[in-house]
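Okay, run.txt now, which holds compact mmCIF, C-alpha atoms:
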```
# COMPACT_ATOMS: atom_id res chain seq x y z
CA MET A 1 -40.14 -22.83 34.43
CA PRO A 2 -40.42 -20.77 31.20
CA TRP A 3 -38.44 -21.79 28.15
CA GLU A 4 -36.31 -20.06 25.57
CA ARG A 5 -35.31 -21.40 22.18
CA SER A 6 -32.47 -20.59 22.01
CA ASN A 7 -1.29 -46.96 27.58
CA ASP A 8 1.44 -45.59 26.21
CA ALA A 9 3.99 -45.86 23.42
CA ARG A 10 5.22 -49.24 22.31
CA HIS A 11 8.50 -48.95 20.36
CA PRO A 12 8.55 -45.13 20.60
CA LEU A 13 9.60 -43.07 17.61
CA PRO A 14 13.07 -41.53 17.45
CA ARG A 15 13.36 -38.10 18.98
CA GLY A 16 12.71 -35.05 16.87
CA ALA A 17 10.09 -34.00 14.34
CA ALA A 18 9.45 -36.06 11.25
CA SER A 19 9.52 -34.61 7.75
CA MET A 20 6.12 -33.29 6.72
CA ASN A 21 6.42 -34.77 3.23
CA ALA A 22 7.64 -38.21 4.19
CA PRO A 23 6.74 -39.13 7.76
CA GLU A 24 8.50 -42.08 9.25
CA PRO A 25 6.65 -45.39 8.89
CA LEU A 26 3.98 -46.02 11.46
CA VAL A 27 5.14 -47.87 14.52
CA PRO A 28 3.73 -51.43 14.32
CA GLN A 29 1.34 -52.05 17.17
CA ALA A 30 -0.90 -54.86 18.25
CA CYS A 31 -4.47 -53.95 19.16
CA SER A 32 -3.81 -54.00 22.87
CA ALA A 33 -3.11 -51.61 25.72
CA PRO A 34 0.21 -49.81 25.31
CA PRO A 35 2.93 -50.06 27.93
CA ALA A 36 3.72 -47.44 30.54
CA ARG A 37 4.89 -43.90 29.80
CA VAL A 38 5.61 -41.23 32.37
CA ILE A 39 2.55 -38.96 32.49
CA LEU A 40 2.20 -35.78 34.50
CA ARG A 41 -1.15 -36.04 36.29
CA GLU A 42 -2.64 -32.83 37.56
CA ARG A 43 -5.67 -31.96 39.63
CA GLY A 44 -6.67 -28.39 40.31
CA GLN A 45 -8.50 -25.47 38.71
CA ARG A 46 -10.09 -26.22 35.34
CA GLU A 47 -11.05 -24.03 32.40
CA VAL A 48 -13.37 -25.76 29.94
CA PHE A 49 -16.79 -25.32 28.38
CA CYS A 50 -19.62 -27.49 29.68
CA GLY A 51 -21.12 -30.38 27.73
CA LEU A 52 -24.04 -28.26 26.52
CA THR A 53 -21.68 -26.96 23.84
CA ALA A 54 -21.91 -30.28 21.97
CA ILE A 55 -25.54 -29.50 21.18
CA VAL A 56 -24.27 -26.98 18.62
CA TRP A 57 -22.88 -29.67 16.29
CA LEU A 58 -25.26 -32.46 17.32
CA HIS A 59 -28.40 -30.50 16.40
CA ARG A 60 -26.88 -29.59 13.04
CA LYS A 61 -26.14 -33.24 12.34
CA MET A 62 -29.44 -34.84 13.45
CA GLN A 63 -31.93 -32.82 11.46
CA ASP A 64 -35.07 -34.25 13.06
CA ALA A 65 -33.90 -34.00 16.69
CA PHE A 66 -34.60 -31.29 19.27
CA PHE A 67 -32.47 -30.62 22.35
CA LEU A 68 -34.27 -29.23 25.39
CA VAL A 69 -31.81 -28.07 28.04
CA VAL A 70 -33.18 -28.05 31.57
CA GLY A 71 -31.11 -25.31 33.13
CA SER A 72 -30.65 -21.65 33.96
CA ARG A 73 -30.65 -18.44 31.94
CA THR A 74 -26.87 -18.78 31.83
CA CYS A 75 -27.35 -22.06 29.95
CA ALA A 76 -29.68 -20.32 27.51
CA HIS A 77 -27.20 -17.49 26.90
CA LEU A 78 -24.35 -19.98 26.38
CA MET A 79 -26.31 -21.94 23.78
CA GLN A 80 -27.45 -18.85 21.92
CA SER A 81 -23.96 -17.35 21.74
CA ALA A 82 -22.17 -20.64 20.99
CA ALA A 83 -24.53 -21.51 18.14
CA GLY A 84 -24.56 -17.95 16.80
CA VAL A 85 -28.33 -17.88 16.32
CA MET A 86 -31.18 -15.82 17.72
CA ILE A 87 -34.35 -17.31 19.19
CA PHE A 88 -36.51 -16.03 16.30
CA ALA A 89 -34.51 -18.28 13.95
CA GLU A 90 -36.42 -21.28 15.40
CA PRO A 91 -33.33 -23.43 16.13
CA ARG A 92 -33.80 -27.04 17.18
CA PHE A 93 -32.67 -26.42 20.74
CA ALA A 94 -34.14 -24.50 23.66
CA THR A 95 -33.81 -24.05 27.40
CA ALA A 96 -36.47 -24.86 29.97
CA ILE A 97 -35.36 -22.32 32.55
CA LEU A 98 -35.24 -23.30 36.20
CA GLU A 99 -36.33 -20.24 38.17
CA ASP A 100 -36.05 -19.44 41.86
CA ARG A 101 -39.31 -21.26 42.69
CA ASP A 102 -38.03 -24.40 40.97
CA LEU A 103 -34.65 -24.27 42.68
CA ALA A 104 -36.27 -23.65 46.08
CA GLY A 105 -38.58 -26.65 45.68
CA MET A 106 -41.71 -24.45 45.67
CA ALA A 107 -42.82 -25.70 42.24
CA ASP A 108 -43.27 -29.14 40.76
CA CYS A 109 -40.47 -29.24 38.21
CA ASN A 110 -41.71 -32.46 36.65
CA SER A 111 -45.20 -31.15 35.86
CA GLU A 112 -43.68 -27.93 34.52
CA LEU A 113 -41.32 -29.94 32.33
CA ASP A 114 -44.20 -32.06 31.02
CA ARG A 115 -46.15 -28.91 30.18
CA ILE A 116 -43.25 -27.30 28.33
CA ALA A 117 -42.46 -30.48 26.41
CA GLY A 118 -46.12 -30.74 25.36
CA GLN A 119 -46.12 -27.13 24.13
CA LEU A 120 -42.88 -27.70 22.26
CA LEU A 121 -44.08 -30.84 20.48
CA ALA A 122 -47.36 -29.19 19.53
CA ARG A 123 -45.46 -26.25 18.06
CA ARG A 124 -42.82 -28.35 16.25
CA PRO A 125 -44.46 -31.37 14.56
CA ASP A 126 -41.20 -32.01 12.67
CA ILE A 127 -39.49 -33.29 15.84
CA SER A 128 -39.14 -37.08 15.96
CA THR A 129 -36.57 -37.32 18.77
CA LEU A 130 -36.46 -35.11 21.85
CA PHE A 131 -33.33 -35.00 24.00
CA LEU A 132 -33.72 -33.77 27.58
CA VAL A 133 -30.29 -32.39 28.45
CA GLY A 134 -29.26 -32.04 32.08
CA SER A 135 -27.24 -29.07 33.30
CA CYS A 136 -25.51 -28.03 36.51
CA PRO A 137 -28.71 -26.57 38.07
CA SER A 138 -30.88 -29.57 37.21
CA GLU A 139 -28.30 -31.99 38.61
CA VAL A 140 -27.82 -29.94 41.78
CA ILE A 141 -31.55 -30.16 42.60
CA LYS A 142 -31.54 -33.88 41.66
CA LEU A 143 -34.11 -33.56 38.88
CA ASP A 144 -34.32 -37.08 37.41
CA LEU A 145 -34.44 -36.50 33.66
CA SER A 146 -34.18 -40.20 32.85
CA ARG A 147 -37.54 -40.83 34.53
CA ALA A 148 -38.92 -37.70 32.89
CA ALA A 149 -37.86 -39.07 29.51
CA GLU A 150 -39.61 -42.39 30.21
CA ARG A 151 -42.76 -40.56 31.30
CA LEU A 152 -42.80 -38.30 28.25
CA SER A 153 -42.08 -41.20 25.89
CA ALA A 154 -45.11 -43.03 27.27
CA ALA A 155 -47.28 -39.91 27.05
CA HIS A 156 -46.28 -39.23 23.42
CA ARG A 157 -45.83 -42.83 22.27
CA GLY A 158 -45.89 -43.14 18.49
CA ARG A 159 -45.29 -39.41 18.09
CA VAL A 160 -41.77 -38.87 19.44
CA ARG A 161 -38.90 -40.71 21.13
CA VAL A 162 -37.60 -38.98 24.28
CA LEU A 163 -34.04 -39.55 25.56
CA SER A 164 -31.99 -37.88 28.28
CA TYR A 165 -28.33 -37.28 29.01
CA SER A 166 -26.08 -34.98 31.02
CA GLY A 167 -24.42 -31.95 29.49
CA SER A 168 -23.41 -30.35 32.76
CA GLY A 169 -20.17 -28.64 33.61
CA ILE A 170 -19.67 -31.22 36.35
CA GLU A 171 -18.26 -33.47 33.61
CA THR A 172 -14.55 -33.32 32.78
CA THR A 173 -14.79 -31.51 29.44
CA PHE A 174 -17.30 -30.30 26.88
CA THR A 175 -16.91 -33.07 24.30
CA GLN A 176 -18.35 -35.51 26.83
CA GLY A 177 -21.68 -33.94 25.93
CA GLU A 178 -21.59 -35.75 22.59
CA ASP A 179 -20.41 -38.99 24.19
CA ASN A 180 -23.26 -38.90 26.71
CA GLY A 181 -25.81 -38.08 24.00
CA LEU A 182 -24.71 -40.93 21.71
CA LYS A 183 -24.53 -43.38 24.60
CA ALA A 184 -28.17 -42.55 25.41
CA MET A 185 -29.10 -43.74 21.91
CA VAL A 186 -27.35 -47.13 22.16
CA ARG A 187 -30.10 -48.80 24.17
CA ASP A 188 -32.62 -48.22 21.37
CA LEU A 189 -30.43 -49.43 18.49
CA PRO A 190 -31.92 -52.47 16.70
CA GLU A 191 -30.18 -55.83 16.89
CA LEU A 192 -28.06 -56.84 13.92
CA PRO A 193 -29.34 -60.22 12.69
CA GLU A 194 -27.10 -63.16 13.48
CA GLY A 195 -24.70 -63.97 10.65
CA GLN A 196 -24.74 -60.47 9.16
CA ARG A 197 -21.88 -57.96 9.24
CA SER A 198 -21.69 -54.17 9.26
CA VAL A 199 -19.39 -51.29 10.12
CA LEU A 200 -20.49 -48.57 12.51
CA VAL A 201 -18.57 -45.28 12.42
CA VAL A 202 -19.00 -43.54 15.79
CA GLY A 203 -18.68 -39.79 16.30
CA THR A 204 -20.18 -36.76 14.59
CA LEU A 205 -18.84 -36.05 11.12
CA ALA A 206 -19.73 -33.19 8.81
CA ASP A 207 -22.07 -34.35 6.04
CA VAL A 208 -19.46 -33.71 3.36
CA VAL A 209 -16.93 -35.85 5.25
CA GLU A 210 -19.47 -38.63 5.80
CA ASP A 211 -20.16 -38.71 2.05
CA GLN A 212 -16.43 -38.89 1.26
CA PHE A 213 -15.91 -41.79 3.66
CA ALA A 214 -19.00 -43.59 2.34
CA ARG A 215 -17.54 -43.48 -1.19
CA LEU A 216 -14.19 -44.79 0.03
CA PHE A 217 -15.80 -47.65 1.96
CA ALA A 218 -17.84 -48.55 -1.12
CA ALA A 219 -14.68 -48.57 -3.28
CA LEU A 220 -13.02 -50.84 -0.71
CA GLY A 221 -15.92 -53.26 -0.86
CA ILE A 222 -16.91 -52.67 2.76
CA GLY A 223 -20.58 -52.46 3.60
CA PRO A 224 -23.08 -51.83 4.85
CA VAL A 225 -21.50 -48.89 6.68
CA HIS A 226 -23.58 -46.91 9.17
CA PHE A 227 -22.83 -43.67 11.00
CA LEU A 228 -23.74 -42.73 14.58
CA PRO A 229 -25.15 -40.15 14.72
CA SER A 230 -26.86 -40.27 11.36
CA ARG A 231 -28.49 -37.30 9.63
CA ARG A 232 -31.85 -38.31 11.04
CA ALA A 233 -32.06 -39.43 14.65
CA THR A 234 -34.75 -41.95 13.69
CA ASP A 235 -32.34 -43.78 11.35
CA LEU A 236 -30.92 -46.05 14.02
CA PRO A 237 -28.06 -48.32 12.89
CA PRO A 238 -28.13 -51.97 13.94
CA VAL A 239 -25.53 -53.36 16.31
CA GLY A 240 -24.61 -56.89 17.24
CA ARG A 241 -21.90 -59.54 17.18
CA GLY A 242 -21.15 -58.82 13.52
CA THR A 243 -20.66 -55.08 14.01
CA LEU A 244 -17.20 -53.55 13.63
CA ILE A 245 -17.05 -50.34 15.68
CA LEU A 246 -14.83 -47.69 14.09
CA PRO A 247 -14.49 -44.52 16.21
CA ALA A 248 -14.04 -41.28 14.26
CA GLN A 249 -13.60 -39.15 17.39
CA PRO A 250 -11.36 -39.93 20.39
CA PHE A 251 -13.88 -38.69 22.96
CA VAL A 252 -16.69 -41.26 22.39
CA GLY A 253 -15.26 -43.89 24.73
CA ASP A 254 -18.39 -44.49 26.81
CA THR A 255 -20.48 -44.89 23.66
CA VAL A 256 -17.96 -47.36 22.23
CA ARG A 257 -17.97 -49.41 25.43
CA ALA A 258 -21.78 -49.47 25.42
CA LEU A 259 -21.70 -50.74 21.82
CA VAL A 260 -19.13 -53.39 22.74
CA ALA A 261 -21.49 -54.50 25.51
CA ARG A 262 -24.11 -54.96 22.76
CA GLY A 263 -21.75 -57.36 20.96
CA GLY A 264 -19.77 -55.03 18.70
CA LYS A 265 -16.01 -55.36 18.12
CA LEU A 266 -13.78 -52.30 18.44
CA VAL A 267 -11.38 -51.60 15.57
CA GLU A 268 -8.31 -49.81 16.95
CA ALA A 269 -6.75 -47.37 14.52
CA LEU A 270 -5.34 -43.90 14.23
CA TYR A 271 -8.00 -41.24 13.82
CA PRO A 272 -8.59 -39.89 10.31
CA PHE A 273 -6.73 -36.61 10.76
CA GLY A 274 -4.29 -35.96 7.93
CA ALA A 275 -3.24 -38.29 5.14
CA GLU A 276 -1.41 -40.75 7.38
CA GLY A 277 -4.19 -41.03 9.94
CA THR A 278 -6.90 -41.44 7.31
CA THR A 279 -4.98 -44.19 5.52
CA ASP A 280 -4.37 -46.08 8.78
CA TRP A 281 -8.05 -45.67 9.80
CA LEU A 282 -9.26 -47.11 6.49
CA THR A 283 -6.60 -49.82 6.43
CA CYS A 284 -7.45 -51.09 9.93
CA ALA A 285 -11.15 -51.19 9.04
CA ALA A 286 -10.38 -53.02 5.78
CA ARG A 287 -8.20 -55.61 7.51
CA ALA A 288 -10.91 -56.28 10.07
CA TRP A 289 -13.35 -56.74 7.17
CA GLY A 290 -10.94 -59.04 5.30
CA VAL A 291 -9.94 -56.71 2.45
CA PRO A 292 -6.40 -57.31 1.10
CA ASP A 293 -3.86 -54.56 1.76
CA ALA A 294 -3.06 -54.36 -1.95
CA HIS A 295 -6.65 -53.41 -2.76
CA VAL A 296 -6.66 -50.82 0.02
CA ALA A 297 -3.45 -49.30 -1.35
CA SER A 298 -4.92 -49.01 -4.84
CA VAL A 299 -8.12 -47.35 -3.60
CA VAL A 300 -6.45 -44.79 -1.34
CA ALA A 301 -3.45 -44.02 -3.56
CA ALA A 302 -4.98 -41.08 -5.44
CA PRO A 303 -6.72 -39.29 -2.55
CA GLU A 304 -3.70 -39.85 -0.28
CA ALA A 305 -1.37 -38.38 -2.90
CA ARG A 306 -3.64 -35.33 -3.27
CA ALA A 307 -3.72 -34.87 0.49
CA ARG A 308 0.07 -35.11 0.83
CA LEU A 309 0.59 -32.63 -2.01
CA ALA A 310 -1.85 -30.16 -0.45
CA LEU A 311 -0.28 -30.67 2.97
CA ALA A 312 3.22 -29.97 1.63
CA ARG A 313 2.06 -26.48 0.67
CA ALA A 314 -0.36 -25.74 3.52
CA ALA A 315 1.82 -27.02 6.36
CA ALA A 316 5.10 -25.47 5.24
CA PRO A 317 4.83 -22.50 7.68
CA LEU A 318 4.48 -24.97 10.58
CA GLY A 319 7.81 -26.72 9.98
CA GLY A 320 10.04 -26.42 13.05
CA LYS A 321 7.47 -24.46 15.08
CA ARG A 322 7.20 -25.27 18.77
CA MET A 323 3.67 -26.01 19.95
CA SER A 324 1.86 -26.79 23.20
CA LEU A 325 -1.63 -28.27 23.36
CA MET A 326 -3.48 -27.58 26.60
CA PRO A 327 -6.16 -30.01 27.85
CA ASP A 328 -9.52 -28.98 26.44
CA SER A 329 -11.27 -31.14 23.82
CA GLN A 330 -9.79 -34.68 23.98
CA LEU A 331 -8.55 -34.17 20.39
CA GLU A 332 -5.09 -33.24 21.63
CA ILE A 333 -3.23 -36.57 21.21
CA PRO A 334 -4.42 -37.35 17.64
CA LEU A 335 -3.81 -33.74 16.60
CA ALA A 336 -0.34 -33.82 18.15
CA ARG A 337 0.48 -36.91 16.10
CA PHE A 338 -0.71 -35.18 12.93
CA LEU A 339 1.15 -31.96 13.68
CA GLN A 340 4.42 -33.67 14.53
CA ARG A 341 4.50 -36.36 11.86
CA GLU A 342 2.86 -34.59 8.92
CA CYS A 343 3.53 -30.90 9.58
CA GLY A 344 7.00 -30.99 11.12
CA VAL A 345 5.90 -29.37 14.39
CA GLN A 346 8.07 -29.72 17.49
CA LEU A 347 5.75 -30.72 20.34
CA VAL A 348 6.50 -29.15 23.73
CA GLU A 349 3.56 -30.38 25.81
CA VAL A 350 0.43 -32.35 25.00
CA GLY A 351 -2.29 -32.21 27.64
CA VAL A 352 -5.61 -34.05 27.74
CA PRO A 353 -8.54 -33.57 30.14
CA TYR A 354 -8.54 -37.33 30.82
CA LEU A 355 -6.58 -40.19 29.30
CA ASP A 356 -8.70 -42.96 27.79
CA ARG A 357 -6.05 -45.49 26.78
CA GLN A 358 -8.55 -47.71 24.98
CA MET A 359 -9.37 -44.84 22.64
CA VAL A 360 -5.95 -43.26 22.08
CA GLY A 361 -3.46 -46.04 22.83
CA ARG A 362 -2.46 -46.47 19.18
CA GLU A 363 -2.11 -42.70 18.78
CA MET A 364 0.14 -42.45 21.83
CA GLY A 365 2.44 -45.02 20.29
CA GLN A 366 3.25 -42.60 17.46
CA LEU A 367 4.29 -39.66 19.66
CA PRO A 368 8.00 -38.98 20.27
CA ASP A 369 9.21 -40.17 23.66
CA ASP A 370 10.49 -36.71 24.63
CA VAL A 371 7.05 -35.08 24.55
CA ARG A 372 5.73 -33.90 27.90
CA LEU A 373 2.34 -35.58 28.31
CA SER A 374 -0.10 -34.40 30.97
CA GLU A 375 -3.54 -35.54 32.10
CA GLY A 376 -6.05 -33.34 33.88
CA GLN A 377 -5.82 -29.68 34.67
CA HIS A 378 -4.09 -27.48 37.17
CA LEU A 379 -4.53 -24.17 35.45
CA ASP A 380 -1.91 -22.12 37.28
CA ARG A 381 0.83 -24.71 36.84
CA GLN A 382 0.03 -25.26 33.18
CA LEU A 383 0.05 -21.53 32.48
CA ASP A 384 3.38 -21.23 34.29
CA ARG A 385 4.82 -23.92 32.01
CA VAL A 386 3.50 -22.19 28.90
CA ARG A 387 5.10 -18.92 30.02
CA ALA A 388 8.38 -20.71 30.70
CA ASP A 389 8.32 -22.70 27.43
CA ARG A 390 7.09 -19.78 25.26
CA PRO A 391 5.98 -21.99 22.36
CA ASP A 392 5.29 -20.47 18.96
CA LEU A 393 1.65 -21.53 19.27
CA THR A 394 -0.55 -22.72 22.14
CA VAL A 395 -3.77 -24.60 21.41
CA CYS A 396 -6.18 -23.82 24.25
CA GLY A 397 -9.69 -22.89 25.25
CA LEU A 398 -11.29 -19.50 24.63
CA GLY A 399 -10.94 -18.46 28.24
CA LEU A 400 -7.15 -18.67 28.09
CA ALA A 401 -6.55 -17.35 24.60
CA ASN A 402 -6.91 -13.62 25.26
CA PRO A 403 -4.75 -13.56 28.44
CA LEU A 404 -1.99 -15.46 26.61
CA GLU A 405 -2.27 -13.21 23.56
CA ALA A 406 -1.83 -10.23 25.86
CA GLU A 407 1.51 -11.77 26.88
CA ARG A 408 2.50 -12.03 23.19
CA LEU A 409 1.93 -15.78 23.13
CA ARG A 410 0.10 -16.82 19.98
CA THR A 411 -2.91 -19.09 20.48
CA LYS A 412 -5.38 -21.27 18.59
CA TRP A 413 -8.91 -21.85 19.86
CA SER A 414 -9.36 -25.59 20.29
CA ILE A 415 -13.15 -25.44 20.08
CA GLU A 416 -12.90 -24.32 16.45
CA LEU A 417 -11.64 -27.82 15.65
CA LEU A 418 -15.05 -29.20 16.62
CA PHE A 419 -17.00 -26.78 14.43
CA THR A 420 -14.87 -27.30 11.31
CA PRO A 421 -14.67 -30.33 8.98
CA ILE A 422 -11.17 -31.68 9.65
CA HIS A 423 -11.44 -35.43 8.99
CA GLY A 424 -10.27 -37.25 5.90
CA TYR A 425 -7.99 -36.72 2.91
CA GLU A 426 -9.77 -33.73 1.40
CA GLN A 427 -9.67 -31.78 4.68
CA ALA A 428 -6.04 -32.55 5.60
CA ALA A 429 -4.70 -29.26 4.25
CA ASP A 430 -7.60 -27.34 5.81
CA LEU A 431 -6.68 -28.84 9.18
CA ALA A 432 -3.07 -27.67 8.84
CA GLU A 433 -4.21 -24.19 7.79
CA LEU A 434 -6.22 -23.81 10.99
CA PHE A 435 -2.90 -23.80 12.88
CA VAL A 436 -1.16 -21.64 10.29
CA ARG A 437 -3.65 -18.76 10.51
CA PRO A 438 -2.66 -17.34 13.92
CA LEU A 439 1.01 -17.45 12.90
CA GLU A 440 0.22 -15.77 9.58
CA ARG A 441 -1.83 -13.11 11.37
CA GLU A 442 1.13 -12.40 13.63
CA ARG A 443 3.41 -12.06 10.61
CA ARG A 444 1.11 -9.68 8.78
CA LEU A 445 0.44 -7.50 11.79
CA GLY A 446 4.06 -7.48 12.83
CA VAL A 447 3.19 -8.08 16.50
```
Just give me the structure of the file as structure tokens.
Amino acid sequence: MPWERSNDARHPLPRGAASMNAPEPLVPQACSAPPARVILRERGQREVFCGLTAIVWLHRKMQDAFFLVVGSRTCAHLMQSAAGVMIFAEPRFATAILEDRDLAGMADCNSELDRIAGQLLARRPDISTLFLVGSCPSEVIKLDLSRAAERLSAAHRGRVRVLSYSGSGIETTFTQGEDNGLKAMVRDLPELPEGQRSVLVVGTLADVVEDQFARLFAALGIGPVHFLPSRRATDLPPVGRGTLILPAQPFVGDTVRALVARGGKLVEALYPFGAEGTTDWLTCAARAWGVPDAHVASVVAAPEARARLALARAAAPLGGKRMSLMPDSQLEIPLARFLQRECGVQLVEVGVPYLDRQMVGREMGQLPDDVRLSEGQHLDRQLDRVRADRPDLTVCGLGLANPLEAERLRTKWSIELLFTPIHGYEQAADLAELFVRPLERERRLGV
């Protein structure tokens, strides 16, 4: 085993797209499961990245953590190409490669893994947290990485904390890699002392976005505010009965439920995409903390106005465009709300890999009732619908983009939305421009 570094809308909105400059008021909703909406559920061929992809943004965020994938050479090649780095750059991820002897049961994978982990820790004294990441090959041969993590933690006690999670392609979609990784950290979070309060923002945010939100929370008088993951994996936020859990990403449902089991209280809000979503996200957190709405309005007035002004310019080319979002990243429903309400996009179909109503129920309540909503994947059928609908832009995975482009159907890579800062007021226009670029490229090339 060598290694290489390497429920649905309540009071639905009227039909049709809202104005990008003055979206209709948010639909009032209680923090409860939304009522039923007709959803097209599909099961068939899938086209998604595996959860290993999440290592790319997780290792950039947690600057003292190392991710050791236990997998094949294919896993190593995926990580190297996805992260855009070469092995001599000493990245904080690597692959312990399962070879034929390992897969055939002719070698002791556990002793090999212990040896490799020991070599790695001796070579990289800066590592304080080591994640053992399962892959398709390691799960097929039933290699128990949770027990390996316990064994390595005991062997290197006081030197490094070892955790494990699954990043395999057996999961539904690639963003579950982050959810599984964060959930693995919940067990070790310290207990928030009784009688104290805090806010815990869950989901990876770019450092610049985290700093912007921290300033806004401070201006609102909310604190302490912690972020999971933090910039150092050893900076573990406390959690307990006084913790308000504020998700920043819609795909961290298992982590949120694990935090709720620790005593935290979930704050249901729109996600901070665009001016409207960011204001609702902050307002819901402030109400849960006991901050008056008038104070919230005064704090967010200036940044919200800047965001709406920037959006009016950046999103103008999107007005009236027809768009389909194929199931890929779990960001589809919040992005659809942003595109329809703040950019004037006409939604044709919004697909999600799986529908977690606890995490996106409030978002679903803001979608028009004439939007086709689908859960799961049946690749052939979904492609047939895209060809029949011929939207102006299709948001999809990399594997589908080139074939659709060859049919003169413009596409946007959904994975780019995970690698780019898109949360908050200051990034609202940047988020709109990500969808404008393929349309602008088409215009300039005349294709």
State, in Å with one decimal place, the distance from atom CA of A:Val56 to atom CA of A:Ala314.
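It comes out at 28.3 Å.
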What's the separation between atom CA of A:Arg231 and atom CA of A:Met62, in Å to one decimal place?
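These two atoms are separated by 4.6 Å.
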To one decimal place, how far is atom CA of A:Leu325 from atom CA of A:Leu282 in Å?
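Here the two named atoms are 26.4 Å from each other.
Shortest separation to A:Leu383 among A:Thr283, A:Gln346, A:Ser324, A:Thr172 occurs at residue A:Ser324, atoms counted being only C-alpha atoms.
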8 Å contact set for A:Tyr354, all atoms listed in the file, chain neighbours under 4 positions out, as a PyMOL selection string:
chain A and resi 172+330+375-376
Neighbourhood query: residues within 10 Å of (-1.3, -24.5, 26.5), file coordinates, counting all atoms listed in the file; return as a PyMOL selection string.
chain A and resi 323-328+348-351+379+382-387+389-391+393-397+400-401+404+409+411-412
Could you check which of A:Cys75, A:Pro353, A:Gly277, A:Phe419 is closest to A:Ser374, using all atoms listed in the file?
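Of A:Cys75, A:Pro353, A:Gly277, A:Phe419, the one nearest A:Ser374, counting all atoms listed in the file, is A:Pro353.
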Can you tell me, as a list of chain:residue names, what residues are no more than 12 Å from A:Gly195 when counting only C-alpha atoms, ignoring any on the same chain fewer than 3 positions away?
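Near A:Gly195, the qualifying residues are A:Glu191, A:Leu192, A:Ser198, A:Gly240, A:Arg241, A:Gly242, A:Thr243.
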Selected residue of minimal separation from A:Ile39 among A:Asp369, A:Glu416, A:Glu178, A:Asp430, counting only C-alpha atoms
A:Asp369
Between A:Ala148, A:Val352, A:Leu339, A:Ala248, single out the one closest to A:Leu311, counting all atoms listed in the file.
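Of A:Ala148, A:Val352, A:Leu339, A:Ala248, the one nearest A:Leu311, counting all atoms listed in the file, is A:Leu339.
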Neighbouring residues of A:Leu120 were defined as those with any atom within 10 Å, considering only C-alpha atoms; residues of the same chain fewer than 3 positions away were excluded. Please report them as a JSON list (two decimals) with C-alpha atoms, keeping the file's coordinate frame.
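So the final result, stored in part.json, reads:
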```json
[["chain", "number", "residue", "atom", "x", "y", "z"],
["A", 3, "TRP", "CA", -38.44, -21.79, 28.15],
["A", 5, "ARG", "CA", -35.31, -21.40, 22.18],
["A", 66, "PHE", "CA", -34.60, -31.29, 19.27],
["A", 68, "LEU", "CA", -34.27, -29.23, 25.39],
["A", 94, "ALA", "CA", -34.14, -24.50, 23.66],
["A", 114, "ASP", "CA", -44.20, -32.06, 31.02],
["A", 115, "ARG", "CA", -46.15, -28.91, 30.18],
["A", 116, "ILE", "CA", -43.25, -27.30, 28.33],
["A", 117, "ALA", "CA", -42.46, -30.48, 26.41],
["A", 123, "ARG", "CA", -45.46, -26.25, 18.06],
["A", 124, "ARG", "CA", -42.82, -28.35, 16.25],
["A", 125, "PRO", "CA", -44.46, -31.37, 14.56],
["A", 127, "ILE", "CA", -39.49, -33.29, 15.84],
["A", 130, "LEU", "CA", -36.46, -35.11, 21.85]]
```
Between A:Gln119, A:Val209, A:Ser146, A:Val202, single out the one closest to A:His226, counting all atoms listed in the file.
A:Val202
Nearest to A:Glu99: which of A:Ser298, A:Ser138, A:Ser81, A:Ser168 is it, counting only C-alpha atoms?
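Checking each of A:Ser298, A:Ser138, A:Ser81, A:Ser168 against A:Glu99, counting only C-alpha atoms, the winner is A:Ser138.
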Test item: which residues lie within 12 Å of (-28.5, -39.7, 9.8) counting all atoms listed in the file, as an MDAnalysis selection string:
chainID A and resid 58:65 201:207 210:211 225:237
